[in-house]
file coords.cif (mmCIF, C-alpha atoms and all ligand atoms)
data_coords
#
loop_
_atom_site.label_atom_id
_atom_site.label_comp_id
_atom_site.auth_asym_id
_atom_site.auth_seq_id
_atom_site.Cartn_x
_atom_site.Cartn_y
_atom_site.Cartn_z
CA MET E 8 0.00 0.00 0.00
CA THR E 9 1.32 3.41 -0.91
CA GLU E 10 1.43 6.36 1.42
CA ILE E 11 -1.46 7.94 -0.45
CA ASP E 12 -3.56 4.78 -0.11
CA THR E 13 -3.01 4.92 3.63
CA LEU E 14 -3.92 8.60 3.72
CA THR E 15 -7.21 8.20 1.87
CA MET E 16 -8.22 4.85 3.42
CA PRO E 17 -10.46 6.42 6.11
CA LEU E 18 -12.34 8.28 3.37
CA ARG E 19 -13.45 5.08 1.64
CA ILE E 20 -16.46 4.67 3.92
CA TRP E 21 -17.45 8.23 3.02
CA GLY E 22 -17.62 7.36 -0.66
CA TRP E 23 -14.06 7.89 -1.88
CA ASP E 24 -13.55 5.34 -4.68
CA ASP E 25 -10.89 4.02 -7.06
CA ALA E 26 -11.67 6.55 -9.79
CA ARG E 27 -11.17 9.43 -7.37
CA GLN E 28 -8.05 7.83 -5.98
CA ARG E 29 -6.53 7.51 -9.47
CA ALA E 30 -7.34 11.11 -10.35
CA TYR E 31 -5.93 12.27 -7.05
CA VAL E 32 -2.68 10.34 -7.46
CA GLU E 33 -2.32 11.64 -11.02
CA SER E 34 -2.89 15.21 -9.92
CA GLY E 35 0.17 14.95 -7.67
CA SER E 36 -1.57 17.08 -5.08
CA VAL E 37 0.10 17.51 -1.71
CA LEU E 38 -3.12 18.62 0.01
CA PRO E 39 -5.32 15.94 1.60
CA PRO E 40 -8.86 15.38 0.28
CA ALA E 41 -11.95 15.64 2.49
CA ARG E 42 -15.70 15.43 2.00
CA VAL E 43 -18.12 18.21 2.84
CA VAL E 44 -20.70 16.43 5.02
CA ALA E 45 -22.62 19.47 6.25
CA GLN E 46 -22.78 23.18 5.83
CA HIS E 47 -23.76 25.80 8.41
CA ARG E 48 -23.78 29.31 7.02
CA GLY E 49 -20.16 30.11 6.22
CA GLU E 50 -18.69 26.95 7.73
CA TYR E 51 -18.27 23.50 6.29
CA VAL E 52 -18.20 20.31 8.30
CA LEU E 53 -15.59 18.10 6.70
CA GLN E 54 -14.85 14.42 6.90
CA ALA E 55 -11.07 14.49 6.59
CA PRO E 56 -8.60 11.57 6.73
CA TRP E 57 -7.97 12.39 10.40
CA GLY E 58 -11.66 12.72 11.31
CA ARG E 59 -14.16 15.54 11.59
CA ALA E 60 -12.92 19.04 10.92
CA ILE E 61 -14.32 22.48 10.34
CA GLY E 62 -13.44 24.11 7.05
CA VAL E 63 -13.82 27.57 5.62
CA ALA E 64 -13.55 28.83 2.08
CA PRO E 65 -11.04 31.65 1.72
CA GLY E 66 -12.33 35.05 0.68
CA ARG E 67 -10.48 34.75 -2.58
CA MET E 68 -12.44 31.63 -3.54
CA LYS E 69 -15.69 33.50 -2.91
CA HIS E 70 -14.57 36.49 -4.94
CA ARG E 71 -13.49 34.38 -7.85
CA ALA E 72 -16.56 32.16 -7.86
CA ALA E 73 -18.55 33.42 -10.81
CA ARG E 74 -21.43 31.10 -9.97
CA ALA E 75 -22.72 29.42 -6.85
CA ARG E 76 -21.66 26.17 -8.49
CA GLU E 77 -18.06 27.14 -7.98
CA MET E 78 -18.42 27.15 -4.21
CA PRO E 79 -18.30 23.97 -2.11
CA ALA E 80 -21.61 22.22 -1.50
CA VAL E 81 -22.62 19.31 0.71
CA GLY E 82 -21.37 16.11 -0.86
CA ASP E 83 -18.35 17.74 -2.44
CA TRP E 84 -14.87 16.31 -2.35
CA VAL E 85 -12.42 19.11 -1.67
CA LEU E 86 -8.71 19.57 -1.09
CA VAL E 87 -7.95 21.14 2.27
CA GLU E 88 -5.09 22.82 3.99
CA PRO E 89 -5.15 21.83 7.65
CA ALA E 90 -4.33 24.43 10.30
CA ASN E 91 -2.59 23.89 13.62
CA ASP E 92 -5.47 25.50 15.36
CA GLY E 93 -8.61 26.92 13.88
CA PRO E 94 -10.49 25.74 10.83
CA ALA E 95 -8.93 24.10 7.80
CA THR E 96 -8.96 26.03 4.54
CA VAL E 97 -10.80 24.61 1.55
CA ARG E 98 -8.48 25.11 -1.40
CA GLU E 99 -10.10 23.32 -4.27
CA ILE E 100 -13.30 21.52 -5.26
CA LEU E 101 -12.64 18.22 -7.02
CA PRO E 102 -14.71 17.47 -10.15
CA ARG E 103 -18.28 16.44 -9.34
CA SER E 104 -19.73 13.17 -10.59
CA SER E 105 -23.19 14.72 -10.19
CA GLU E 106 -24.72 17.98 -9.03
CA PHE E 107 -28.34 18.66 -8.21
CA VAL E 108 -28.87 22.34 -8.90
CA ARG E 109 -31.93 24.50 -8.47
CA ARG E 110 -32.79 28.10 -9.19
CA ARG E 111 -33.45 30.08 -6.09
CA ALA E 112 -34.26 33.69 -5.47
CA GLY E 113 -31.89 35.50 -3.13
CA THR E 114 -28.52 34.25 -4.34
CA GLU E 115 -26.50 36.39 -6.70
CA ASP E 116 -26.75 34.14 -9.72
CA GLY E 117 -29.92 32.53 -8.44
CA GLU E 118 -28.46 29.04 -8.36
CA GLN E 119 -27.95 26.65 -5.52
CA VAL E 120 -26.18 23.32 -5.50
CA VAL E 121 -28.48 21.27 -3.31
CA ALA E 122 -26.24 18.19 -3.33
CA ALA E 123 -23.03 17.11 -5.03
CA ASN E 124 -21.66 13.66 -5.91
CA VAL E 125 -24.97 11.97 -5.28
CA THR E 126 -25.45 8.45 -6.65
CA VAL E 127 -29.19 8.15 -6.14
CA ALA E 128 -31.82 10.85 -5.59
CA PHE E 129 -34.90 9.81 -3.63
CA LEU E 130 -37.62 12.15 -4.91
CA MET E 131 -40.07 12.08 -2.05
CA MET E 132 -43.76 12.90 -1.92
CA SER E 133 -46.33 11.85 0.63
CA LEU E 134 -49.22 9.71 -0.53
CA ASP E 135 -51.75 11.38 1.74
CA LEU E 136 -51.74 14.98 0.56
CA ASN E 137 -48.54 16.00 -1.11
CA LEU E 138 -48.93 14.15 -4.42
CA ASN E 139 -48.57 16.34 -7.46
CA PRO E 140 -47.52 14.80 -10.79
CA ARG E 141 -46.50 18.19 -12.19
CA ARG E 142 -44.15 18.81 -9.29
CA LEU E 143 -42.77 15.31 -9.69
CA GLU E 144 -41.94 16.03 -13.34
CA ARG E 145 -40.00 19.06 -12.20
CA TYR E 146 -38.03 16.99 -9.68
CA LEU E 147 -37.40 14.31 -12.30
CA VAL E 148 -36.03 16.85 -14.76
CA ALA E 149 -33.62 18.25 -12.17
CA ALA E 150 -32.61 14.76 -11.00
CA TRP E 151 -31.98 13.31 -14.48
CA ASP E 152 -30.05 16.43 -15.31
CA SER E 153 -27.93 16.12 -12.16
CA GLY E 154 -26.39 12.83 -13.20
CA ALA E 155 -27.83 10.91 -10.24
CA THR E 156 -30.36 8.08 -10.63
CA PRO E 157 -33.84 9.23 -9.55
CA VAL E 158 -36.08 6.98 -7.50
CA VAL E 159 -39.62 8.12 -6.74
CA VAL E 160 -40.42 7.48 -3.09
CA LEU E 161 -44.07 7.83 -2.07
CA THR E 162 -44.22 8.14 1.70
CA LYS E 163 -46.83 7.54 4.41
CA SER E 164 -48.45 4.59 2.65
CA ASP E 165 -50.00 3.68 6.01
CA LEU E 166 -52.27 6.71 5.68
CA VAL E 167 -53.96 5.61 2.47
CA GLY E 168 -56.15 2.56 2.12
CA ASP E 169 -55.28 1.49 -1.39
CA ALA E 170 -52.18 3.05 -2.83
CA ASP E 171 -52.07 0.94 -5.99
CA ALA E 172 -54.20 3.19 -8.18
CA ILE E 173 -52.15 6.23 -7.19
CA ILE E 174 -48.89 4.37 -7.76
CA ASP E 175 -49.99 3.38 -11.27
CA GLU E 176 -50.78 7.00 -12.07
CA ILE E 177 -47.39 8.12 -10.79
CA LYS E 178 -45.60 5.38 -12.74
CA VAL E 179 -46.81 6.92 -15.99
CA VAL E 180 -45.19 10.22 -15.06
CA ALA E 181 -42.07 8.60 -13.60
CA ALA E 182 -41.14 7.10 -16.97
CA GLY E 183 -38.15 4.94 -16.30
CA ALA E 184 -37.60 5.76 -12.66
CA ASP E 185 -38.45 3.19 -10.01
CA VAL E 186 -41.54 4.05 -7.93
CA ILE E 187 -41.61 2.78 -4.35
CA ALA E 188 -44.35 3.31 -1.76
CA VAL E 189 -43.01 3.30 1.78
CA SER E 190 -44.08 3.82 5.34
CA SER E 191 -41.84 4.65 8.25
CA VAL E 192 -44.70 3.60 10.53
CA ASP E 193 -45.25 0.00 9.42
CA GLY E 194 -42.05 -0.55 7.45
CA VAL E 195 -43.70 -1.15 4.07
CA GLY E 196 -41.33 -0.75 1.13
CA LEU E 197 -38.15 -0.30 3.16
CA ASP E 198 -36.62 -3.49 1.73
CA ARG E 199 -36.96 -2.12 -1.76
CA LEU E 200 -35.36 1.15 -0.68
CA ARG E 201 -32.45 -0.70 0.87
CA GLN E 202 -31.51 -2.04 -2.57
CA TYR E 203 -30.26 1.45 -3.33
CA LEU E 204 -28.45 1.87 -0.03
CA GLU E 205 -25.20 0.22 -1.02
CA PRO E 206 -22.01 0.81 0.92
CA GLY E 207 -20.31 3.94 -0.37
CA ALA E 208 -23.39 5.13 -2.29
CA THR E 209 -24.64 8.62 -1.51
CA VAL E 210 -28.41 8.85 -1.48
CA ALA E 211 -29.98 12.32 -1.30
CA LEU E 212 -33.48 12.76 0.12
CA LEU E 213 -35.33 15.52 -1.69
CA GLY E 214 -38.88 16.84 -1.49
CA SER E 215 -41.25 19.28 0.14
CA SER E 216 -41.26 19.94 3.85
CA GLY E 217 -43.18 17.39 5.90
CA VAL E 218 -43.06 14.45 3.47
CA GLY E 219 -40.98 12.48 5.96
CA LYS E 220 -37.37 12.79 4.80
CA SER E 221 -35.82 13.05 8.25
CA THR E 222 -38.20 10.40 9.61
CA LEU E 223 -36.96 8.04 6.89
CA VAL E 224 -33.33 8.73 7.82
CA ASN E 225 -34.15 7.92 11.44
CA THR E 226 -36.01 4.76 10.42
CA LEU E 227 -33.19 3.54 8.20
CA ALA E 228 -30.60 4.39 10.84
CA GLY E 229 -32.60 2.65 13.56
CA GLU E 230 -32.11 5.63 15.86
CA ASP E 231 -33.24 9.23 16.16
CA LEU E 232 -30.46 11.14 14.48
CA LEU E 233 -32.72 13.94 13.38
CA LEU E 234 -35.52 16.10 14.64
CA THR E 235 -38.86 15.54 12.93
CA GLN E 236 -42.10 17.41 13.38
CA GLU E 237 -45.77 17.07 12.67
CA VAL E 238 -47.24 18.77 9.67
CA ARG E 239 -49.82 21.47 10.41
CA GLU E 240 -53.29 20.06 9.97
CA ILE E 241 -55.00 23.06 8.46
CA ASP E 242 -52.95 23.84 5.38
CA ASN E 243 -50.67 20.80 5.23
CA LYS E 244 -47.65 23.03 4.80
CA GLY E 245 -44.61 21.48 6.36
CA ARG E 246 -42.89 23.27 9.18
CA HIS E 247 -39.46 23.31 7.60
CA THR E 248 -38.06 21.36 10.51
CA THR E 249 -34.72 20.52 8.90
CA THR E 250 -32.68 23.66 8.30
CA HIS E 251 -29.40 22.35 6.93
CA ARG E 252 -28.11 19.62 4.68
CA GLU E 253 -26.13 16.80 6.20
CA ILE E 254 -24.74 13.40 5.24
CA PHE E 255 -25.20 10.50 7.66
CA LEU E 256 -23.42 7.16 7.57
CA LEU E 257 -25.81 4.26 8.10
CA HIS E 258 -24.81 0.98 9.74
CA ASP E 259 -24.95 -0.89 6.45
CA GLY E 260 -22.45 1.54 4.91
CA ALA E 261 -24.73 3.74 2.83
CA LEU E 262 -24.57 7.51 3.07
CA VAL E 263 -27.83 9.44 3.23
CA LEU E 264 -28.07 13.14 2.68
CA ASP E 265 -31.00 14.78 4.46
CA THR E 266 -32.10 18.14 3.07
CA PRO E 267 -34.52 20.84 4.19
CA GLY E 268 -37.87 20.78 2.39
CA MET E 269 -37.89 22.82 -0.80
CA ARG E 270 -40.69 25.30 -1.28
CA GLU E 271 -40.00 25.53 -4.95
CA LEU E 272 -37.70 23.86 -7.38
CA GLY E 273 -36.72 26.27 -10.12
CA LEU E 274 -34.99 24.66 -13.06
CA VAL E 275 -31.63 25.66 -14.45
CA GLU E 276 -30.63 24.85 -18.03
CA ALA E 277 -31.83 21.27 -17.96
CA ASP E 278 -32.23 20.02 -21.54
CA ASP E 279 -30.89 16.56 -20.77
CA GLY E 280 -33.22 16.20 -17.84
CA ILE E 281 -36.23 17.22 -19.90
CA GLU E 282 -35.38 14.75 -22.61
CA GLU E 283 -35.09 11.88 -20.12
CA THR E 284 -38.22 12.81 -18.21
CA PHE E 285 -40.39 13.37 -21.27
CA ASP E 286 -39.05 10.54 -23.36
CA ASP E 287 -42.60 9.66 -24.50
CA VAL E 288 -43.32 13.22 -25.64
CA ALA E 289 -40.03 13.40 -27.53
CA VAL E 290 -40.87 10.20 -29.41
CA ILE E 291 -44.27 11.59 -30.45
CA ALA E 292 -42.89 14.99 -31.47
CA GLY E 293 -40.18 13.20 -33.43
CA SER E 294 -42.75 11.73 -35.79
CA CYS E 295 -44.32 15.03 -36.88
CA ARG E 296 -44.14 15.44 -40.64
CA PHE E 297 -41.94 18.53 -40.40
CA SER E 298 -38.84 18.39 -38.27
CA ASP E 299 -39.31 22.01 -37.22
CA CYS E 300 -43.01 21.47 -36.44
CA ARG E 301 -44.28 23.91 -33.86
CA HIS E 302 -47.21 21.62 -33.10
CA ASP E 303 -49.50 24.48 -33.87
CA SER E 304 -51.39 24.15 -37.15
CA GLU E 305 -48.90 22.30 -39.34
CA PRO E 306 -50.20 19.33 -41.31
CA GLY E 307 -49.09 15.91 -40.12
CA CYS E 308 -48.48 17.02 -36.55
CA ALA E 309 -48.12 13.89 -34.41
CA VAL E 310 -48.44 15.85 -31.20
CA ARG E 311 -51.86 17.27 -32.01
CA GLU E 312 -52.94 13.86 -33.19
CA ALA E 313 -51.76 12.25 -29.93
CA LEU E 314 -53.54 14.96 -27.96
CA SER E 315 -56.80 14.39 -29.77
CA ASP E 316 -56.74 10.60 -29.53
CA GLY E 317 -55.67 10.71 -25.88
CA THR E 318 -52.26 9.02 -26.29
CA LEU E 319 -50.81 12.18 -24.79
CA THR E 320 -52.64 14.03 -22.04
CA THR E 321 -53.03 17.79 -22.23
CA GLU E 322 -51.57 18.08 -18.73
CA ARG E 323 -48.39 16.28 -19.67
CA TRP E 324 -48.01 18.24 -22.89
CA ASP E 325 -48.56 21.56 -21.09
CA SER E 326 -46.11 20.55 -18.39
CA TYR E 327 -43.50 19.62 -20.98
CA SER E 328 -43.95 22.90 -22.86
CA LYS E 329 -43.79 24.90 -19.67
CA LEU E 330 -40.63 23.26 -18.33
CA GLN E 331 -38.99 23.53 -21.72
CA LYS E 332 -39.71 27.26 -21.86
CA GLU E 333 -38.36 27.67 -18.35
CA ALA E 334 -35.13 25.85 -19.17
CA ALA E 335 -34.71 27.77 -22.44
CA PHE E 336 -35.18 31.03 -20.58
CA GLU E 337 -32.47 29.97 -18.14
CA VAL E 338 -30.09 29.31 -21.01
CA ARG E 339 -30.57 32.84 -22.36
CA ARG E 340 -30.22 34.31 -18.91
CA ARG E 341 -27.12 32.25 -18.33
CA ASP E 342 -25.51 33.60 -21.51
CA VAL E 343 -25.95 37.17 -20.31
CA GLY E 344 -25.04 36.26 -16.74
CA ALA E 345 -22.00 34.22 -17.79
CA ALA E 346 -20.47 37.14 -19.66
CA GLN E 347 -20.94 39.38 -16.62
CA ALA E 348 -19.63 36.76 -14.21
CA GLU E 349 -16.56 36.15 -16.34
CA ARG E 350 -15.72 39.86 -16.25
CA LYS E 351 -16.17 39.92 -12.48
CA LYS E 352 -13.92 36.92 -12.09
CA TRP E 353 -11.09 38.40 -14.15
CA LYS E 354 -11.33 41.73 -12.39
CA GLN E 355 -10.77 39.91 -9.11
CA ILE E 356 -7.90 37.84 -10.44
CA HIS E 357 -6.17 41.02 -11.59
CA LYS E 358 -6.82 42.65 -8.24
CA ASP E 359 -5.36 39.63 -6.40
CA TYR E 360 -2.39 39.63 -8.74
CA ARG E 361 -1.56 43.25 -7.97
CA LYS E 362 -1.48 42.37 -4.27
CA ILE E 363 1.30 39.78 -4.68
CA PRO E 364 4.60 41.39 -3.62
CA LYS E 365 7.04 41.41 -6.53
CA LYS E 366 10.77 40.98 -6.32
CA GLY E 367 12.88 44.09 -6.71
CA ARG E 368 10.10 46.57 -5.92
N1 LIG K 401 -48.20 8.24 9.17
C1 LIG K 401 -46.94 8.51 8.83
N2 LIG K 401 -46.37 9.66 9.22
C2 LIG K 401 -45.10 9.89 8.84
C3 LIG K 401 -44.35 8.98 8.07
N3 LIG K 401 -43.13 9.50 7.83
C4 LIG K 401 -43.12 10.69 8.46
N4 LIG K 401 -44.30 10.94 9.07
C5 LIG K 401 -44.66 12.15 9.86
O1 LIG K 401 -44.61 13.28 9.02
C6 LIG K 401 -44.19 14.42 9.77
C7 LIG K 401 -43.06 15.14 9.05
O2 LIG K 401 -41.93 14.31 9.01
P1 LIG K 401 -40.43 14.86 8.84
O3 LIG K 401 -39.55 13.67 8.76
O4 LIG K 401 -40.11 15.89 9.87
O5 LIG K 401 -40.52 15.57 7.43
P2 LIG K 401 -39.33 16.22 6.56
O6 LIG K 401 -39.56 15.81 5.15
O7 LIG K 401 -38.01 15.89 7.14
O8 LIG K 401 -39.64 17.79 6.71
P3 LIG K 401 -38.61 19.04 6.62
O9 LIG K 401 -37.45 18.73 7.51
O10 LIG K 401 -39.40 20.21 7.11
O11 LIG K 401 -38.23 19.17 5.19
C8 LIG K 401 -43.80 13.90 11.15
O12 LIG K 401 -44.87 14.14 12.04
C9 LIG K 401 -43.63 12.41 10.93
O13 LIG K 401 -43.89 11.67 12.08
C10 LIG K 401 -44.99 7.74 7.67
O14 LIG K 401 -44.45 6.89 6.99
N5 LIG K 401 -46.29 7.58 8.07
MG MG K 402 -36.51 17.08 7.88
ZN ZN K 403 -46.00 18.69 -34.47
#
call {"tool": "encode", "arguments": {"input": "coords.cif", "output": "C-alpha cells", "more": "lines below"}}
Ligand SMILES: Nc1nc2c(ncn2[C@@H]2O[C@H](COP(=O)(O)OP(=O)(O)OP(=O)(O)O)[C@@H](O)[C@H]2O)c(=O)[nH]1
Ligand SMILES: [Mg+2]
Ligand SMILES: [Zn+2]
result
Amino acid sequence: MTEIDTLTMPLRIWGWDDARQRAYVESGSVLPPARVVAQHRGEYVLQAPWGRAIGVAPGRMKHRAARAREMPAVGDWVLVEPANDGPATVREILPRSSEFVRRRAGTEDGEQVVAANVTVAFLMMSLDLNLNPRRLERYLVAAWDSGATPVVVLTKSDLVGDADAIIDEIKVVAAGADVIAVSSVDGVGLDRLRQYLEPGATVALLGSSGVGKSTLVNTLAGEDLLLTQEVREIDNKGRHTTTHREIFLLHDGALVLDTPGMRELGLVEADDGIEETFDDVAVIAGSCRFSDCRHDSEPGCAVREALSDGTLTTERWDSYSKLQKEAAFEVRRRDVGAAQAERKKWKQIHKDYRKIPKKGR
C-alpha cells in the first residue's frame, strides 16, 4: 500500500472510490482530500482523513466564484489545507460526478447546489396529501439532469387505504424511474429502498417539507439522528423542521443526505433532464411530418394527433412545454449572466495579482 492509499483509506467509507483515488494520485496534489458532510452558514463540516474538521472557504475563492456552483456544497470532495489551530482552509473543489442544482431567489446568480456527488436521488412525496404529478416532473427533470439516478419514493403509505391506483398513475409520469411506496410507521417498502443503499453510495433525500425525509433517515438508521415534526393540519404546509443539509453514515455503509424541504424547485438549463423525463413526448414529437413542427397548425403534426386521440394528455403536454420554456429562458439568462460573471472573475484575479509582492520593488 502506498502512502497515499493509507492517507485516503479512512475516506473510503465516506464514498471515496478508485476513480477518485486515481485522479488524485495523477494530480500529484500535496493537500489531503476531504468530503463536505454538512454546511452551516459560512462553515463546512468536513470528513477528513484524520476525522471531523471544520473548514472555511477563503475570501479569494468567494470572490473568484462566478457562480454558486463554484463554491463547495454538501457532498463535495475538496482539497484542504489543515491548520494547527482553527479551521482548515478549503483550497479546491474536485470534479463532481453529479450535481443537483436549483434556481433560487436571493442568491447572486440565483443558483444553488443542493447536493453534489450523489449516486441516487430519492424524490419524495407523501401519498396522503402531497402528491402532485407536475411537481414530480419538475423533480425528475432536475434529477436526471444532475447525473444521479432518480427513484420516486411515495411516503406515508399507512395513511392511504389502497395506494395501488395512485402508484400506477405516478408510474406513468415517472417514466423509467423506479416508484416505491413506503411507510416509516409499518415498514412497508423499506426493503426495496435498501436495494439502493449500497455501501459507499450517496443517497440524497429531496422533497417538500413534511413528506418524511428526516423520519426516513431515522427509520433507516434505527435511531433518532434527526428532529422531525408534525405537519400542520390546516394547510398541510410542512414546518421546515430541517434547516441544513447533512450526510449520515448508516450501519450498512450507505450515506444518506438529508435536506430541508424545498418550497419551490426552479430549473436551471436542464435540456438533458427534460429529454429523459419526457421521453414519450419526444418520441411523439419526433414523428411530426416537419422536423421544425411547432405543433400548432402544421399538417401531419403527431403531437396534435396524440392529444386528440388521448395518447398524450393535455396536462403532460402543457407541463413539458412549460418546463422547456423555463429551461430555455435559463439558457438565455445564463448567456448574459455568464459574460458578466466572467468579467467579475477576471477583475478579481487582476486585483489579487496586484497584491502579490514582486521581487525588486
Ligand atoms: N403516518 C406517517 N407519518 C409519517 C411517516 N413518515 C413521516 N411521518 C410524519 O410526518 C411528519 C413530518 O416528518 P419529517 O420527517 O419531519 O418531514 P421532513 O420531510 O423531514 O420535513 P422538513 O425537515 O421540514 O423538510 C412527522 O410528524 C412524521 O412523524 C410515515 O411513513 N407515516
Ligand atoms: Mg426534515
Ligand atoms: Zn408537431
call {"tool": "closest_residue", "arguments": {"input": "coords.cif", "among": "E:Gly293, E:Gly154, E:Gly219, E:Gly317", "to": "ligand LIG 401 (chain K)", "atoms": "all atoms listed in the file"}}
result
E:Gly219
call {"tool": "residues_near_ligand", "arguments": {"input": "coords.cif", "ligand": "ligand ZN 403 (chain K)", "cutoff": "8 Å", "atoms": "all atoms listed in the file", "output": "count of residues only"}}
result
16
call {"tool": "residues_near_ligand", "arguments": {"input": "coords.cif", "ligand": "ligand MG 402 (chain K)", "cutoff": "10 Å", "atoms": "all atoms listed in the file", "output": "short mmCIF file (atom, residue, chain, number, x, y, z; two decimals) with C-alpha atoms, in the frame of the given file"}}
result
data_model
loop_
_atom_site.label_atom_id
_atom_site.label_comp_id
_atom_site.auth_asym_id
_atom_site.auth_seq_id
_atom_site.Cartn_x
_atom_site.Cartn_y
_atom_site.Cartn_z
CA LEU E 212 -33.48 12.76 0.12
CA LEU E 213 -35.33 15.52 -1.69
CA GLY E 214 -38.88 16.84 -1.49
CA SER E 215 -41.25 19.28 0.14
CA SER E 216 -41.26 19.94 3.85
CA GLY E 217 -43.18 17.39 5.90
CA VAL E 218 -43.06 14.45 3.47
CA GLY E 219 -40.98 12.48 5.96
CA LYS E 220 -37.37 12.79 4.80
CA SER E 221 -35.82 13.05 8.25
CA THR E 222 -38.20 10.40 9.61
CA LEU E 223 -36.96 8.04 6.89
CA VAL E 224 -33.33 8.73 7.82
CA LEU E 233 -32.72 13.94 13.38
CA LEU E 234 -35.52 16.10 14.64
CA THR E 235 -38.86 15.54 12.93
CA GLN E 236 -42.10 17.41 13.38
CA GLY E 245 -44.61 21.48 6.36
CA ARG E 246 -42.89 23.27 9.18
CA HIS E 247 -39.46 23.31 7.60
CA THR E 248 -38.06 21.36 10.51
CA THR E 249 -34.72 20.52 8.90
CA THR E 250 -32.68 23.66 8.30
CA HIS E 251 -29.40 22.35 6.93
CA ARG E 252 -28.11 19.62 4.68
CA ASP E 265 -31.00 14.78 4.46
CA THR E 266 -32.10 18.14 3.07
CA PRO E 267 -34.52 20.84 4.19
CA GLY E 268 -37.87 20.78 2.39
#
call {"tool": "closest_residue", "arguments": {"input": "coords.cif", "among": "E:Gly280, E:Gly183, E:Gly117, E:Gly207", "to": "Asp24 of chain E", "atoms": "only C-alpha atoms"}}
result
E:Gly207
call {"tool": "residues_around", "arguments": {"input": "coords.cif", "residues": "segment 165-173 of chain E", "least_positions_apart": "5", "cutoff": "10 Å", "atoms": "only C-alpha atoms", "output": "list of chain:residue names"}}
result
E:Ser133, E:Leu134, E:Asp135, E:Leu136, E:Leu138, E:Lys178, E:Ala188, E:Val189, E:Ser190, E:Ser191, E:Val192, E:Asp193, E:Gly194, E:Val195
call {"tool": "closest_residue", "arguments": {"input": "coords.cif", "among": "E:Leu256, E:Leu130, E:Ala182, E:Val158", "to": "ligand LIG 401 (chain K)", "atoms": "only C-alpha atoms and all ligand atoms"}}
result
E:Leu130
call {"tool": "atom_distance", "arguments": {"input": "coords.cif", "atom1": "atom CA of Val85 of chain E", "atom2": "atom CA of Pro40 of chain E"}}
result
5.5 Å
call {"tool": "residues_near_point", "arguments": {"input": "coords.cif", "point": "(-32.2, 13.2, -7.3)", "cutoff": "10 Å", "atoms": "all atoms listed in the file", "output": "PDB file with C-alpha atoms, in the coordinates of the input"}}
result
ATOM      1  CA  SER E 105     -23.190  14.720 -10.190  1.00  0.00           C
ATOM      2  CA  GLU E 106     -24.720  17.980  -9.030  1.00  0.00           C
ATOM      3  CA  PHE E 107     -28.340  18.660  -8.210  1.00  0.00           C
ATOM      4  CA  VAL E 108     -28.870  22.340  -8.900  1.00  0.00           C
ATOM      5  CA  VAL E 121     -28.480  21.270  -3.310  1.00  0.00           C
ATOM      6  CA  ALA E 122     -26.240  18.190  -3.330  1.00  0.00           C
ATOM      7  CA  VAL E 125     -24.970  11.970  -5.280  1.00  0.00           C
ATOM      8  CA  THR E 126     -25.450   8.450  -6.650  1.00  0.00           C
ATOM      9  CA  VAL E 127     -29.190   8.150  -6.140  1.00  0.00           C
ATOM     10  CA  ALA E 128     -31.820  10.850  -5.590  1.00  0.00           C
ATOM     11  CA  PHE E 129     -34.900   9.810  -3.630  1.00  0.00           C
ATOM     12  CA  LEU E 130     -37.620  12.150  -4.910  1.00  0.00           C
ATOM     13  CA  MET E 131     -40.070  12.080  -2.050  1.00  0.00           C
ATOM     14  CA  TYR E 146     -38.030  16.990  -9.680  1.00  0.00           C
ATOM     15  CA  LEU E 147     -37.400  14.310 -12.300  1.00  0.00           C
ATOM     16  CA  VAL E 148     -36.030  16.850 -14.760  1.00  0.00           C
ATOM     17  CA  ALA E 149     -33.620  18.250 -12.170  1.00  0.00           C
ATOM     18  CA  ALA E 150     -32.610  14.760 -11.000  1.00  0.00           C
ATOM     19  CA  TRP E 151     -31.980  13.310 -14.480  1.00  0.00           C
ATOM     20  CA  ASP E 152     -30.050  16.430 -15.310  1.00  0.00           C
ATOM     21  CA  SER E 153     -27.930  16.120 -12.160  1.00  0.00           C
ATOM     22  CA  GLY E 154     -26.390  12.830 -13.200  1.00  0.00           C
ATOM     23  CA  ALA E 155     -27.830  10.910 -10.240  1.00  0.00           C
ATOM     24  CA  THR E 156     -30.360   8.080 -10.630  1.00  0.00           C
ATOM     25  CA  PRO E 157     -33.840   9.230  -9.550  1.00  0.00           C
ATOM     26  CA  VAL E 158     -36.080   6.980  -7.500  1.00  0.00           C
ATOM     27  CA  VAL E 159     -39.620   8.120  -6.740  1.00  0.00           C
ATOM     28  CA  VAL E 210     -28.410   8.850  -1.480  1.00  0.00           C
ATOM     29  CA  ALA E 211     -29.980  12.320  -1.300  1.00  0.00           C
ATOM     30  CA  LEU E 212     -33.480  12.760   0.120  1.00  0.00           C
ATOM     31  CA  LEU E 213     -35.330  15.520  -1.690  1.00  0.00           C
ATOM     32  CA  GLY E 214     -38.880  16.840  -1.490  1.00  0.00           C
TER      33      GLY E 214
END
call {"tool": "closest_residue", "arguments": {"input": "coords.cif", "among": "E:Arg48, E:Lys163, E:Arg142, E:Arg103", "to": "ligand LIG 401 (chain K)", "atoms": "all atoms listed in the file"}}
result
E:Lys163
call {"tool": "closest_residue", "arguments": {"input": "coords.cif", "among": "E:Val43, E:Asp325, E:Glu312, E:Ala64", "to": "Pro94 of chain E", "atoms": "all atoms listed in the file"}}
result
E:Ala64
call {"tool": "atom_distance", "arguments": {"input": "coords.cif", "atom1": "atom CA of Asp83 of chain E", "atom2": "atom CA of Thr209 of chain E"}}
result
11.1 Å
call {"tool": "closest_residue", "arguments": {"input": "coords.cif", "among": "E:Ser328, E:Ala181, E:Pro206, E:Met132", "to": "ligand LIG 401 (chain K)", "atoms": "all atoms listed in the file"}}
result
E:Met132
call {"tool": "atom_distance", "arguments": {"input": "coords.cif", "atom1": "atom CA of Gly22 of chain E", "atom2": "atom CA of Leu204 of chain E"}}
result
12.2 Å
call {"tool": "residues_around", "arguments": {"input": "coords.cif", "residues": "Ala80 of chain E", "least_positions_apart": "6", "cutoff": "9 Å", "atoms": "only C-alpha atoms", "output": "PDB file with C-alpha atoms, in the frame of the given file"}}
result
ATOM      1  CA  VAL E  43     -18.120  18.210   2.840  1.00  0.00           C
ATOM      2  CA  VAL E  44     -20.700  16.430   5.020  1.00  0.00           C
ATOM      3  CA  ALA E  45     -22.620  19.470   6.250  1.00  0.00           C
ATOM      4  CA  GLN E  46     -22.780  23.180   5.830  1.00  0.00           C
ATOM      5  CA  TYR E  51     -18.270  23.500   6.290  1.00  0.00           C
ATOM      6  CA  GLN E 119     -27.950  26.650  -5.520  1.00  0.00           C
ATOM      7  CA  VAL E 120     -26.180  23.320  -5.500  1.00  0.00           C
ATOM      8  CA  VAL E 121     -28.480  21.270  -3.310  1.00  0.00           C
ATOM      9  CA  ALA E 122     -26.240  18.190  -3.330  1.00  0.00           C
ATOM     10  CA  ALA E 123     -23.030  17.110  -5.030  1.00  0.00           C
TER      11      ALA E 123
END
